[in-house]
Amino acid sequence: MPFCDVVHPTGIYEERKFQKLESENAKKPVKIYYQLYGHGDIKVLLIIGLAGTHDAWAPQILSLAGTITTNEEEERLKEAHNCFIDSQTPVGGVQERRKELSNREDSDKVDVLGTGIQICSFDNRGVGKSTVPEKKSKYTTSIMAKDALAIMDHLGWEKVHVFGHSMGAMISCKLAAMVPERIASLALISVTGGGYQCLPKADKTLISIVFRFIKARTPEERACVDLDTHYTKDYLDADAGGISRRDLLYKEYVKNIAASGMQSKYGFNGHIYACLTHRVTSEELQRIISCGILVSVIHGCGDIIAQMRYGRAFAQKLYPVARMLELPGGHLVTHQNTTELNQELHELIKAAQSHVHPIQWSNDFLFPDGSGGTVLRIRRSSMGHRKAEDGERYSCFVFLANLCRWLIAKCGFAFLERFSHCLQKEEE
């Protein structure tokens, strides 16, 4: 199995503890599981969100790379059949996937600029086949961004297009701020600024979903909750060949969760902690902007987890390199609005590879007739034009806002941890 061993200190910014932490981690390196798909000079790194595994990107992998058969599986097929497989004459499982791609209504051009696309998708620490650290301090978006960077180095990828969903979008922002010169483009799907922005809008339905999510102990229970959080109600209730789409997806979800296994409490708590403590500073945003990285912020209007207003606010902070695509789906727009989202990703790669100017990118409309989705022109926030004499007052405001963010994150995580502990006691 393809793994990348990651060794770096947990306390990234704590110089005094650097050597001690380095020696501790050297004994127990974190293993990050990844898979490669397709072949080509254009490299794409996919970073999944909370509790998700690498194969959750299947619709995007199929559209971009032209196959969901891993390169590892291709090698196995080569050995089994004792023959050479090139990109033009696939056999076995690869050939079947190529046919599947050609039959899909939402299939796009696989090759953007005639050079081919290779994709890497991986399991974040704490989920899937990757290592599950027990200490929540080993889960931050900065640490997980360093995991992604380690994979890039491991594969020898110098420059990549980075696409992240939900928590994965937060990790992508940190990665882009760390090594902006190595990021070709950035797609932030269902993104927020972290902290209190990760908390869904409080209402009766959402509170019920949160409690059900924490209480879920079986694939069947987890599948029911995931469907309600990932998709909009009208999409689930729609007819899909004589049965509701909800029933159809339910069976698929149960099968997938049972195959990958339920996420451990350490991984789940760690991912929650990473989201609640996430923050992108103005300096980090400026590093992304100053390098001219083209950014696409994609959000579902029916997203009940990551609120639309936070996605819009984040896109505005990335002016003038970002544009925002609003789709009619829920939190998992990667599956609900596959056609429109995949088209935007193709456009982003093509624009970045063609060195399109950020202003041109942010002002281009993907759907000029208004079909499929809405692309918003981003404008600079009025906050960026504050007068110099207001600087001190603004600094005080930022301090108070960060203090509130920290308190909410601490209280929210303590509540979730306590509630989960109580449920475990009841079960025992």
# chains A, B, ... in the order shown; residues from 1 in each chain; ligands from 1
$ closest_atom_pairs --of "stretch 178-243 of chain A" --to "stretch 296-313 of chain A" --cutoff "9 Å" --atoms "only C-alpha atoms" --output "tab-separated table"
residue	atom	partner	partner_atom	distance
A:Ser185	CA	A:Ser296	CA	8.3
A:Leu186	CA	A:Ser296	CA	6.4
A:Ala187	CA	A:Ser296	CA	4.7
A:Leu188	CA	A:Val297	CA	4.8
A:Ile189	CA	A:Ile298	CA	4.7
A:Ser190	CA	A:His299	CA	4.9
A:Val191	CA	A:Gly311	CA	5.6
A:Thr192	CA	A:Tyr310	CA	5.4
A:Gly193	CA	A:Tyr310	CA	7.0
A:Gln197	CA	A:Tyr310	CA	6.8
A:Cys198	CA	A:Ala306	CA	6.3
A:Leu199	CA	A:Ile305	CA	7.2
A:Pro200	CA	A:Ile305	CA	4.9
A:Lys201	CA	A:Ile304	CA	7.2
A:Leu206	CA	A:Ile304	CA	7.6
A:Thr229	CA	A:Ile304	CA	6.8
A:His230	CA	A:Asp303	CA	7.8
A:Tyr231	CA	A:Asp303	CA	7.8
A:Thr232	CA	A:Gly302	CA	6.0
$ write_last_selection --atoms "all heavy atoms" --output "tab-separated table (two decimals), in the first residue's frame"
chain	number	residue	atom	x	y	z
A	185	SER	N	-2.96	26.52	-8.57
A	185	SER	CA	-4.30	27.10	-8.41
A	185	SER	C	-4.92	26.51	-7.16
A	185	SER	O	-4.43	25.52	-6.61
A	185	SER	CB	-5.18	26.82	-9.63
A	185	SER	OG	-5.52	25.44	-9.70
A	186	LEU	N	-6.02	27.11	-6.72
A	186	LEU	CA	-6.62	26.73	-5.45
A	186	LEU	C	-8.14	26.72	-5.60
A	186	LEU	O	-8.74	27.72	-5.99
A	186	LEU	CB	-6.20	27.74	-4.38
A	186	LEU	CG	-6.39	27.41	-2.90
A	186	LEU	CD1	-5.61	26.16	-2.51
A	186	LEU	CD2	-5.95	28.59	-2.04
A	187	ALA	N	-8.77	25.57	-5.31
A	187	ALA	CA	-10.23	25.48	-5.29
A	187	ALA	C	-10.67	25.21	-3.86
A	187	ALA	O	-10.27	24.20	-3.27
A	187	ALA	CB	-10.72	24.37	-6.22
A	188	LEU	N	-11.47	26.10	-3.31
A	188	LEU	CA	-11.93	26.00	-1.94
A	188	LEU	C	-13.43	25.71	-1.96
A	188	LEU	O	-14.24	26.60	-2.26
A	188	LEU	CB	-11.63	27.29	-1.17
A	188	LEU	CG	-10.16	27.76	-1.21
A	188	LEU	CD1	-10.02	29.10	-0.51
A	188	LEU	CD2	-9.26	26.71	-0.60
A	189	ILE	N	-13.79	24.48	-1.65
A	189	ILE	CA	-15.19	24.04	-1.76
A	189	ILE	C	-15.80	23.94	-0.36
A	189	ILE	O	-15.23	23.32	0.53
A	189	ILE	CB	-15.25	22.67	-2.46
A	189	ILE	CG1	-14.51	22.72	-3.80
A	189	ILE	CG2	-16.70	22.24	-2.66
A	189	ILE	CD1	-14.24	21.36	-4.41
A	190	SER	N	-16.94	24.60	-0.17
A	190	SER	CA	-17.63	24.60	1.12
A	190	SER	C	-16.70	25.07	2.24
A	190	SER	O	-16.59	24.43	3.28
A	190	SER	CB	-18.19	23.20	1.45
A	190	SER	OG	-19.01	22.73	0.40
A	191	VAL	N	-16.04	26.17	2.02
A	191	VAL	CA	-15.02	26.66	2.96
A	191	VAL	C	-15.60	27.70	3.91
A	191	VAL	O	-16.56	28.40	3.58
A	191	VAL	CB	-13.83	27.27	2.19
A	191	VAL	CG1	-14.22	28.59	1.53
A	191	VAL	CG2	-12.63	27.47	3.10
A	192	THR	N	-15.02	27.78	5.11
A	192	THR	CA	-15.29	28.86	6.06
A	192	THR	C	-13.96	29.28	6.67
A	192	THR	O	-12.92	28.68	6.38
A	192	THR	CB	-16.24	28.42	7.19
A	192	THR	OG1	-15.56	27.49	8.06
A	192	THR	CG2	-17.51	27.79	6.66
A	193	GLY	N	-14.02	30.29	7.51
A	193	GLY	CA	-12.80	30.76	8.16
A	193	GLY	C	-12.42	29.99	9.40
A	193	GLY	O	-11.46	30.33	10.09
A	197	GLN	N	-17.13	29.92	12.84
A	197	GLN	CA	-17.77	29.79	11.54
A	197	GLN	C	-18.04	28.34	11.15
A	197	GLN	O	-18.79	28.07	10.22
A	197	GLN	CB	-16.90	30.46	10.47
A	197	GLN	CG	-16.78	31.96	10.62
A	197	GLN	CD	-16.02	32.61	9.48
A	197	GLN	OE1	-15.78	32.00	8.44
A	197	GLN	NE2	-15.62	33.86	9.66
A	198	CYS	N	-17.43	27.42	11.88
A	198	CYS	CA	-17.69	25.99	11.64
A	198	CYS	C	-19.01	25.55	12.28
A	198	CYS	O	-19.51	24.46	11.98
A	198	CYS	CB	-16.56	25.14	12.22
A	198	CYS	SG	-15.00	25.34	11.35
A	199	LEU	N	-19.53	26.37	13.18
A	199	LEU	CA	-20.76	26.00	13.85
A	199	LEU	C	-21.94	26.29	12.93
A	199	LEU	O	-22.10	27.42	12.46
A	199	LEU	CB	-20.91	26.80	15.16
A	199	LEU	CG	-19.76	26.64	16.16
A	199	LEU	CD1	-19.99	27.53	17.36
A	199	LEU	CD2	-19.63	25.18	16.60
A	200	PRO	N	-22.77	25.29	12.65
A	200	PRO	CA	-23.92	25.52	11.76
A	200	PRO	C	-24.94	26.44	12.41
A	200	PRO	O	-24.95	26.64	13.63
A	200	PRO	CB	-24.49	24.10	11.57
A	200	PRO	CG	-24.05	23.33	12.77
A	200	PRO	CD	-22.71	23.91	13.15
A	201	LYS	N	-25.79	27.01	11.58
A	201	LYS	CA	-26.84	27.89	12.07
A	201	LYS	C	-27.76	27.10	12.98
A	201	LYS	O	-28.30	26.06	12.61
A	201	LYS	CB	-27.62	28.48	10.90
A	201	LYS	CG	-28.60	29.57	11.31
A	201	LYS	CD	-29.25	30.18	10.08
A	201	LYS	CE	-30.22	31.28	10.48
A	201	LYS	NZ	-30.87	31.89	9.29
A	206	LEU	N	-30.99	21.32	12.80
A	206	LEU	CA	-29.53	21.20	12.91
A	206	LEU	C	-29.10	20.60	14.24
A	206	LEU	O	-28.18	19.78	14.31
A	206	LEU	CB	-28.89	22.57	12.73
A	206	LEU	CG	-28.32	22.85	11.35
A	206	LEU	CD1	-27.16	21.91	11.04
A	206	LEU	CD2	-29.38	22.73	10.26
A	229	THR	N	-26.84	15.76	6.09
A	229	THR	CA	-25.87	16.86	6.14
A	229	THR	C	-25.23	17.13	4.78
A	229	THR	O	-24.81	18.25	4.51
A	229	THR	CB	-24.75	16.55	7.15
A	229	THR	OG1	-24.14	15.30	6.82
A	229	THR	CG2	-25.29	16.48	8.56
A	230	HIS	N	-25.19	16.13	3.92
A	230	HIS	CA	-24.48	16.28	2.64
A	230	HIS	C	-25.34	16.84	1.52
A	230	HIS	O	-24.83	17.52	0.62
A	230	HIS	CB	-23.93	14.92	2.20
A	230	HIS	CG	-22.79	14.44	3.03
A	230	HIS	ND1	-22.27	13.16	2.92
A	230	HIS	CD2	-22.05	15.05	3.98
A	230	HIS	CE1	-21.27	13.02	3.77
A	230	HIS	NE2	-21.13	14.15	4.43
A	231	TYR	N	-26.64	16.54	1.54
A	231	TYR	CA	-27.49	16.90	0.41
A	231	TYR	C	-28.70	17.71	0.85
A	231	TYR	O	-29.10	17.70	2.01
A	231	TYR	CB	-27.98	15.63	-0.31
A	231	TYR	CG	-26.88	14.70	-0.75
A	231	TYR	CD1	-26.52	13.59	0.01
A	231	TYR	CD2	-26.18	14.94	-1.93
A	231	TYR	CE1	-25.51	12.73	-0.39
A	231	TYR	CE2	-25.17	14.09	-2.35
A	231	TYR	CZ	-24.84	12.99	-1.57
A	231	TYR	OH	-23.83	12.15	-1.98
A	232	THR	N	-29.32	18.38	-0.11
A	232	THR	CA	-30.55	19.12	0.17
A	232	THR	C	-31.73	18.15	0.16
A	232	THR	O	-31.68	17.10	-0.48
A	232	THR	CB	-30.78	20.22	-0.89
A	232	THR	OG1	-30.77	19.61	-2.21
A	232	THR	CG2	-29.68	21.27	-0.83
$ residues_around --residues "A:Glu134" --least-positions-apart "2" --cutoff "12 Å" --atoms "only C-alpha atoms" --output "mmCIF file with all heavy atoms, in the first residue's frame"
data_model
loop_
_atom_site.group_PDB
_atom_site.id
_atom_site.type_symbol
_atom_site.label_atom_id
_atom_site.label_comp_id
_atom_site.auth_asym_id
_atom_site.auth_seq_id
_atom_site.Cartn_x
_atom_site.Cartn_y
_atom_site.Cartn_z
ATOM 1 N N VAL A 30 3.946 9.557 11.505
ATOM 2 C CA VAL A 30 2.564 9.437 11.057
ATOM 3 C C VAL A 30 2.571 8.948 9.617
ATOM 4 O O VAL A 30 3.251 9.510 8.759
ATOM 5 C CB VAL A 30 1.837 10.795 11.156
ATOM 6 C CG1 VAL A 30 0.453 10.711 10.526
ATOM 7 C CG2 VAL A 30 1.724 11.231 12.614
ATOM 8 N N ARG A 125 -4.715 12.423 8.422
ATOM 9 C CA ARG A 125 -4.442 11.745 9.686
ATOM 10 C C ARG A 125 -5.749 11.679 10.493
ATOM 11 O O ARG A 125 -6.547 12.607 10.514
ATOM 12 C CB ARG A 125 -3.367 12.479 10.475
ATOM 13 C CG ARG A 125 -3.683 13.927 10.816
ATOM 14 C CD ARG A 125 -2.669 14.513 11.767
ATOM 15 N NE ARG A 125 -1.334 14.534 11.201
ATOM 16 C CZ ARG A 125 -0.219 14.538 11.931
ATOM 17 N NH1 ARG A 125 -0.312 14.574 13.261
ATOM 18 N NH2 ARG A 125 0.964 14.554 11.356
ATOM 19 N N GLY A 126 -5.954 10.533 11.145
ATOM 20 C CA GLY A 126 -7.157 10.386 11.962
ATOM 21 C C GLY A 126 -8.320 9.705 11.288
ATOM 22 O O GLY A 126 -9.382 9.553 11.880
ATOM 23 N N VAL A 127 -8.152 9.282 10.032
ATOM 24 C CA VAL A 127 -9.268 8.659 9.326
ATOM 25 C C VAL A 127 -8.740 7.693 8.275
ATOM 26 O O VAL A 127 -7.592 7.803 7.821
ATOM 27 C CB VAL A 127 -10.161 9.733 8.659
ATOM 28 C CG1 VAL A 127 -9.469 10.356 7.455
ATOM 29 C CG2 VAL A 127 -11.521 9.183 8.273
ATOM 30 N N THR A 131 -2.537 6.997 9.888
ATOM 31 C CA THR A 131 -2.333 6.900 11.338
ATOM 32 C C THR A 131 -3.347 7.760 12.090
ATOM 33 O O THR A 131 -3.722 8.839 11.631
ATOM 34 C CB THR A 131 -0.902 7.359 11.700
ATOM 35 O OG1 THR A 131 0.036 6.522 11.012
ATOM 36 C CG2 THR A 131 -0.653 7.262 13.195
ATOM 37 N N VAL A 132 -3.762 7.269 13.251
ATOM 38 C CA VAL A 132 -4.718 8.005 14.087
ATOM 39 C C VAL A 132 -4.031 8.408 15.401
ATOM 40 O O VAL A 132 -4.022 7.639 16.365
ATOM 41 C CB VAL A 132 -5.966 7.147 14.398
ATOM 42 C CG1 VAL A 132 -6.972 7.958 15.219
ATOM 43 C CG2 VAL A 132 -6.604 6.634 13.115
ATOM 44 N N LYS A 136 -5.271 15.313 20.744
ATOM 45 C CA LYS A 136 -5.921 16.260 19.846
ATOM 46 C C LYS A 136 -4.981 17.384 19.420
ATOM 47 O O LYS A 136 -5.202 18.028 18.392
ATOM 48 C CB LYS A 136 -7.174 16.847 20.490
ATOM 49 C CG LYS A 136 -6.961 17.707 21.718
ATOM 50 C CD LYS A 136 -8.286 18.287 22.194
ATOM 51 C CE LYS A 136 -8.114 19.236 23.372
ATOM 52 N NZ LYS A 136 -7.784 18.541 24.614
ATOM 53 N N SER A 137 -3.912 17.609 20.184
ATOM 54 C CA SER A 137 -2.940 18.644 19.820
ATOM 55 C C SER A 137 -2.191 18.303 18.537
ATOM 56 O O SER A 137 -1.546 19.154 17.943
ATOM 57 C CB SER A 137 -1.937 18.854 20.960
ATOM 58 O OG SER A 137 -1.228 17.654 21.232
ATOM 59 N N LYS A 138 -2.287 17.048 18.110
ATOM 60 C CA LYS A 138 -1.628 16.633 16.870
ATOM 61 C C LYS A 138 -2.531 16.817 15.659
ATOM 62 O O LYS A 138 -2.211 16.385 14.554
ATOM 63 C CB LYS A 138 -1.176 15.177 16.977
ATOM 64 C CG LYS A 138 -0.056 14.976 18.008
ATOM 65 C CD LYS A 138 0.497 13.583 17.954
ATOM 66 C CE LYS A 138 1.661 13.421 18.946
ATOM 67 N NZ LYS A 138 2.260 12.080 18.894
ATOM 68 N N TYR A 139 -3.678 17.465 15.897
ATOM 69 C CA TYR A 139 -4.611 17.754 14.820
ATOM 70 C C TYR A 139 -4.825 19.267 14.733
ATOM 71 O O TYR A 139 -5.570 19.834 15.523
ATOM 72 C CB TYR A 139 -5.961 17.081 15.052
ATOM 73 C CG TYR A 139 -5.947 15.579 15.059
ATOM 74 C CD1 TYR A 139 -5.709 14.870 16.241
ATOM 75 C CD2 TYR A 139 -6.210 14.847 13.904
ATOM 76 C CE1 TYR A 139 -5.718 13.484 16.257
ATOM 77 C CE2 TYR A 139 -6.226 13.467 13.915
ATOM 78 C CZ TYR A 139 -5.980 12.787 15.093
ATOM 79 O OH TYR A 139 -5.991 11.415 15.110
ATOM 80 N N SER A 264 -12.560 6.562 14.363
ATOM 81 C CA SER A 264 -12.343 6.425 15.803
ATOM 82 C C SER A 264 -12.647 7.729 16.521
ATOM 83 O O SER A 264 -12.672 8.803 15.905
ATOM 84 C CB SER A 264 -10.891 6.026 16.092
ATOM 85 O OG SER A 264 -10.025 7.119 15.842
ATOM 86 N N LYS A 265 -12.862 7.646 17.822
ATOM 87 C CA LYS A 265 -13.164 8.860 18.598
ATOM 88 C C LYS A 265 -11.974 9.813 18.591
ATOM 89 O O LYS A 265 -12.158 11.034 18.631
ATOM 90 C CB LYS A 265 -13.540 8.490 20.033
ATOM 91 C CG LYS A 265 -12.408 7.889 20.866
ATOM 92 C CD LYS A 265 -12.837 7.674 22.306
ATOM 93 C CE LYS A 265 -11.670 7.129 23.156
ATOM 94 N NZ LYS A 265 -12.070 6.942 24.566
ATOM 95 N N TYR A 266 -10.756 9.275 18.540
ATOM 96 C CA TYR A 266 -9.568 10.140 18.518
ATOM 97 C C TYR A 266 -9.520 10.937 17.215
ATOM 98 O O TYR A 266 -9.233 12.137 17.217
ATOM 99 C CB TYR A 266 -8.299 9.300 18.667
ATOM 100 C CG TYR A 266 -8.219 8.529 19.959
ATOM 101 C CD1 TYR A 266 -8.221 7.134 19.961
ATOM 102 C CD2 TYR A 266 -8.146 9.191 21.191
ATOM 103 C CE1 TYR A 266 -8.151 6.420 21.139
ATOM 104 C CE2 TYR A 266 -8.076 8.478 22.374
ATOM 105 C CZ TYR A 266 -8.082 7.088 22.345
ATOM 106 O OH TYR A 266 -8.016 6.381 23.522
ATOM 107 N N GLY A 267 -9.798 10.263 16.118
ATOM 108 C CA GLY A 267 -9.786 10.938 14.829
ATOM 109 C C GLY A 267 -10.892 11.965 14.718
ATOM 110 O O GLY A 267 -10.677 13.082 14.234
ATOM 111 N N PHE A 268 -12.089 11.587 15.169
ATOM 112 C CA PHE A 268 -13.229 12.502 15.094
ATOM 113 C C PHE A 268 -12.995 13.741 15.960
ATOM 114 O O PHE A 268 -13.161 14.877 15.507
ATOM 115 C CB PHE A 268 -14.505 11.784 15.539
ATOM 116 C CG PHE A 268 -15.705 12.692 15.652
ATOM 117 C CD1 PHE A 268 -16.322 13.172 14.509
ATOM 118 C CD2 PHE A 268 -16.192 13.068 16.887
ATOM 119 C CE1 PHE A 268 -17.425 14.021 14.611
ATOM 120 C CE2 PHE A 268 -17.287 13.912 16.999
ATOM 121 C CZ PHE A 268 -17.910 14.387 15.857
ATOM 122 N N ASN A 269 -12.588 13.523 17.206
ATOM 123 C CA ASN A 269 -12.318 14.654 18.101
ATOM 124 C C ASN A 269 -11.190 15.525 17.563
ATOM 125 O O ASN A 269 -11.223 16.754 17.675
ATOM 126 C CB ASN A 269 -11.965 14.150 19.504
ATOM 127 C CG ASN A 269 -13.160 13.562 20.240
ATOM 128 O OD1 ASN A 269 -14.303 13.815 19.867
ATOM 129 N ND2 ASN A 269 -12.913 12.773 21.259
ATOM 130 N N GLY A 270 -10.184 14.870 16.966
ATOM 131 C CA GLY A 270 -9.068 15.615 16.401
ATOM 132 C C GLY A 270 -9.485 16.497 15.240
ATOM 133 O O GLY A 270 -9.058 17.653 15.135
ATOM 134 N N HIS A 271 -10.337 15.980 14.368
ATOM 135 C CA HIS A 271 -10.809 16.760 13.231
ATOM 136 C C HIS A 271 -11.683 17.927 13.682
ATOM 137 O O HIS A 271 -11.594 19.035 13.127
ATOM 138 C CB HIS A 271 -11.577 15.856 12.263
ATOM 139 C CG HIS A 271 -10.698 14.978 11.433
ATOM 140 N ND1 HIS A 271 -11.169 14.238 10.353
ATOM 141 C CD2 HIS A 271 -9.371 14.716 11.510
ATOM 142 C CE1 HIS A 271 -10.166 13.564 9.809
ATOM 143 N NE2 HIS A 271 -9.065 13.830 10.498
#
$ closest_residue --among "A:Arg182, A:His154, A:Arg212, A:Lys317" --to "A:Cys4" --atoms "only C-alpha atoms"
A:His154
$ residues_around --residues "A:Arg246" --least-positions-apart "2" --cutoff "7 Å" --atoms "only C-alpha atoms" --output "mmCIF file with N, CA and C atoms, in the first residue's frame"
data_model
loop_
_atom_site.group_PDB
_atom_site.id
_atom_site.type_symbol
_atom_site.label_atom_id
_atom_site.label_comp_id
_atom_site.auth_asym_id
_atom_site.auth_seq_id
_atom_site.Cartn_x
_atom_site.Cartn_y
_atom_site.Cartn_z
ATOM 1 N N LEU A 236 -32.686 14.647 -2.185
ATOM 2 C CA LEU A 236 -32.855 13.302 -1.625
ATOM 3 C C LEU A 236 -34.233 12.732 -1.907
ATOM 4 N N ASP A 237 -35.234 13.594 -1.958
ATOM 5 C CA ASP A 237 -36.612 13.127 -2.165
ATOM 6 C C ASP A 237 -36.932 12.875 -3.636
ATOM 7 N N SER A 244 -36.645 6.506 -4.285
ATOM 8 C CA SER A 244 -36.126 7.825 -3.949
ATOM 9 C C SER A 244 -34.603 7.789 -3.955
ATOM 10 N N LEU A 248 -31.517 5.070 -2.484
ATOM 11 C CA LEU A 248 -30.425 4.612 -3.333
ATOM 12 C C LEU A 248 -29.073 4.971 -2.714
ATOM 13 N N LEU A 249 -28.936 6.211 -2.251
ATOM 14 C CA LEU A 249 -27.688 6.662 -1.653
ATOM 15 C C LEU A 249 -27.427 6.014 -0.301
ATOM 16 N N TYR A 250 -28.507 5.708 0.412
ATOM 17 C CA TYR A 250 -28.370 5.091 1.737
ATOM 18 C C TYR A 250 -27.612 3.762 1.633
#
$ select_by_dssp --residues "stretch 132-305 of chain A" --states "strand (DSSP E or B)" --output "PyMOL selection string"
chain A and resi 160-165+183-189+239+244+294-300
$ closest_residue --among "A:Met1, A:Ala169, A:Cys224, A:Val160" --to "A:Ile349" --atoms "only C-alpha atoms"
A:Val160
$ residues_around --residues "A:Ile47" --least-positions-apart "3" --cutoff "12 Å" --atoms "only C-alpha atoms" --output "short mmCIF file (atom, residue, chain, number, x, y, z; two decimals) with N, CA and C atoms, in the first residue's frame"
data_model
loop_
_atom_site.label_atom_id
_atom_site.label_comp_id
_atom_site.auth_asym_id
_atom_site.auth_seq_id
_atom_site.Cartn_x
_atom_site.Cartn_y
_atom_site.Cartn_z
N TYR A 34 -2.20 7.28 0.64
CA TYR A 34 -2.60 8.03 -0.56
C TYR A 34 -2.74 7.09 -1.74
N GLN A 35 -3.38 7.60 -2.78
CA GLN A 35 -3.50 6.86 -4.04
C GLN A 35 -3.30 7.83 -5.20
N VAL A 44 -2.54 17.31 -9.62
CA VAL A 44 -3.65 17.80 -8.81
C VAL A 44 -3.66 17.08 -7.47
N LEU A 50 -13.63 16.71 6.92
CA LEU A 50 -13.78 16.01 8.19
C LEU A 50 -14.41 14.63 7.99
N ALA A 51 -13.74 13.61 8.52
CA ALA A 51 -14.22 12.22 8.51
C ALA A 51 -14.27 11.59 7.13
N GLY A 52 -13.86 12.32 6.10
CA GLY A 52 -13.90 11.78 4.75
C GLY A 52 -12.64 11.00 4.40
N THR A 53 -12.75 10.10 3.45
CA THR A 53 -11.59 9.33 2.97
C THR A 53 -11.28 9.70 1.52
N HIS A 54 -10.14 9.25 1.04
CA HIS A 54 -9.64 9.67 -0.28
C HIS A 54 -10.60 9.38 -1.43
N ASP A 55 -11.38 8.29 -1.30
CA ASP A 55 -12.25 7.90 -2.41
C ASP A 55 -13.53 8.73 -2.51
N ALA A 56 -13.72 9.69 -1.57
CA ALA A 56 -14.88 10.57 -1.64
C ALA A 56 -14.78 11.52 -2.83
N TRP A 57 -13.60 11.62 -3.43
CA TRP A 57 -13.39 12.49 -4.58
C TRP A 57 -13.67 11.76 -5.90
N GLN A 60 -14.79 13.65 -9.12
CA GLN A 60 -13.79 14.60 -9.65
C GLN A 60 -12.59 13.84 -10.25
N ILE A 119 -3.55 12.69 -10.52
CA ILE A 119 -4.21 13.11 -9.28
C ILE A 119 -3.69 12.31 -8.11
N CYS A 120 -3.53 12.99 -6.99
CA CYS A 120 -3.25 12.32 -5.71
C CYS A 120 -4.35 12.67 -4.73
N SER A 121 -4.96 11.65 -4.16
CA SER A 121 -5.97 11.82 -3.12
C SER A 121 -5.54 10.99 -1.92
N PHE A 122 -5.72 11.53 -0.72
CA PHE A 122 -5.20 10.83 0.46
C PHE A 122 -6.15 10.92 1.64
N ASP A 123 -5.93 10.04 2.61
CA ASP A 123 -6.68 10.07 3.87
C ASP A 123 -5.93 10.96 4.85
N ASN A 124 -6.62 11.97 5.38
CA ASN A 124 -5.99 12.80 6.40
C ASN A 124 -5.65 11.96 7.63
N ARG A 125 -4.72 12.42 8.42
CA ARG A 125 -4.44 11.75 9.69
C ARG A 125 -5.75 11.68 10.49
N THR A 141 -5.01 22.38 11.37
CA THR A 141 -4.97 22.51 9.91
C THR A 141 -3.54 22.78 9.43
N MET A 144 -1.82 19.35 9.39
CA MET A 144 -2.31 18.54 8.28
C MET A 144 -1.88 19.12 6.93
N ALA A 145 -1.67 20.43 6.88
CA ALA A 145 -1.11 21.03 5.67
C ALA A 145 0.32 20.55 5.46
N ASP A 147 1.34 17.65 6.39
CA ASP A 147 1.18 16.29 5.88
C ASP A 147 1.05 16.31 4.36
N ALA A 148 0.22 17.24 3.86
CA ALA A 148 0.02 17.35 2.41
C ALA A 148 1.31 17.75 1.72
N LEU A 149 2.05 18.65 2.34
CA LEU A 149 3.34 19.09 1.77
C LEU A 149 4.33 17.92 1.73
N ILE A 151 3.57 14.83 1.32
CA ILE A 151 3.18 13.97 0.20
C ILE A 151 3.70 14.55 -1.11
N HIS A 161 -1.96 21.81 -8.47
CA HIS A 161 -3.28 22.43 -8.29
C HIS A 161 -3.88 21.77 -7.05
N VAL A 162 -4.32 22.57 -6.10
CA VAL A 162 -4.82 22.04 -4.84
C VAL A 162 -6.31 22.31 -4.72
N PHE A 163 -7.10 21.24 -4.55
CA PHE A 163 -8.54 21.35 -4.39
C PHE A 163 -8.92 20.75 -3.04
N GLY A 164 -9.60 21.53 -2.21
CA GLY A 164 -9.99 21.06 -0.89
C GLY A 164 -11.46 21.24 -0.62
N HIS A 165 -12.03 20.32 0.14
CA HIS A 165 -13.46 20.40 0.49
C HIS A 165 -13.63 20.52 2.00
N SER A 166 -14.41 21.50 2.45
CA SER A 166 -14.75 21.67 3.86
C SER A 166 -13.47 21.83 4.71
N MET A 167 -13.21 20.93 5.65
CA MET A 167 -11.97 21.00 6.41
C MET A 167 -10.77 20.92 5.48
N GLY A 168 -10.91 20.17 4.40
CA GLY A 168 -9.83 20.07 3.42
C GLY A 168 -9.54 21.41 2.75
N ALA A 169 -10.57 22.26 2.63
CA ALA A 169 -10.36 23.60 2.07
C ALA A 169 -9.58 24.46 3.06
N MET A 170 -9.83 24.28 4.34
CA MET A 170 -9.07 25.00 5.37
C MET A 170 -7.60 24.58 5.31
N ILE A 171 -7.38 23.27 5.19
CA ILE A 171 -6.02 22.75 5.09
C ILE A 171 -5.35 23.30 3.83
N SER A 172 -6.09 23.38 2.74
CA SER A 172 -5.56 23.89 1.48
C SER A 172 -5.09 25.33 1.61
N CYS A 173 -5.85 26.14 2.36
CA CYS A 173 -5.46 27.54 2.58
C CYS A 173 -4.13 27.62 3.33
N LYS A 174 -3.99 26.79 4.36
CA LYS A 174 -2.74 26.77 5.12
C LYS A 174 -1.58 26.33 4.24
N LEU A 175 -1.81 25.33 3.41
CA LEU A 175 -0.78 24.83 2.51
C LEU A 175 -0.36 25.92 1.52
N LEU A 186 -6.02 27.11 -6.72
CA LEU A 186 -6.62 26.73 -5.45
C LEU A 186 -8.14 26.72 -5.60
N ALA A 187 -8.77 25.57 -5.31
CA ALA A 187 -10.23 25.48 -5.29
C ALA A 187 -10.67 25.21 -3.86
N LEU A 188 -11.47 26.10 -3.31
CA LEU A 188 -11.93 26.00 -1.94
C LEU A 188 -13.43 25.71 -1.96
N ILE A 189 -13.79 24.48 -1.65
CA ILE A 189 -15.19 24.04 -1.76
C ILE A 189 -15.80 23.94 -0.36
#
$ closest_residue --among "A:Ile272, A:Ala58, A:Leu318, A:Met324" --to "A:Leu285" --atoms "only C-alpha atoms"
A:Leu318
$ atom_distance --atom1 "atom CA of A:Ile209" --atom2 "atom CA of A:Asp228"
7.6 Å
$ closest_residue --among "A:Ser290, A:Leu332, A:Pro180, A:Phe213" --to "A:Tyr319" --atoms "only C-alpha atoms"
A:Ser290
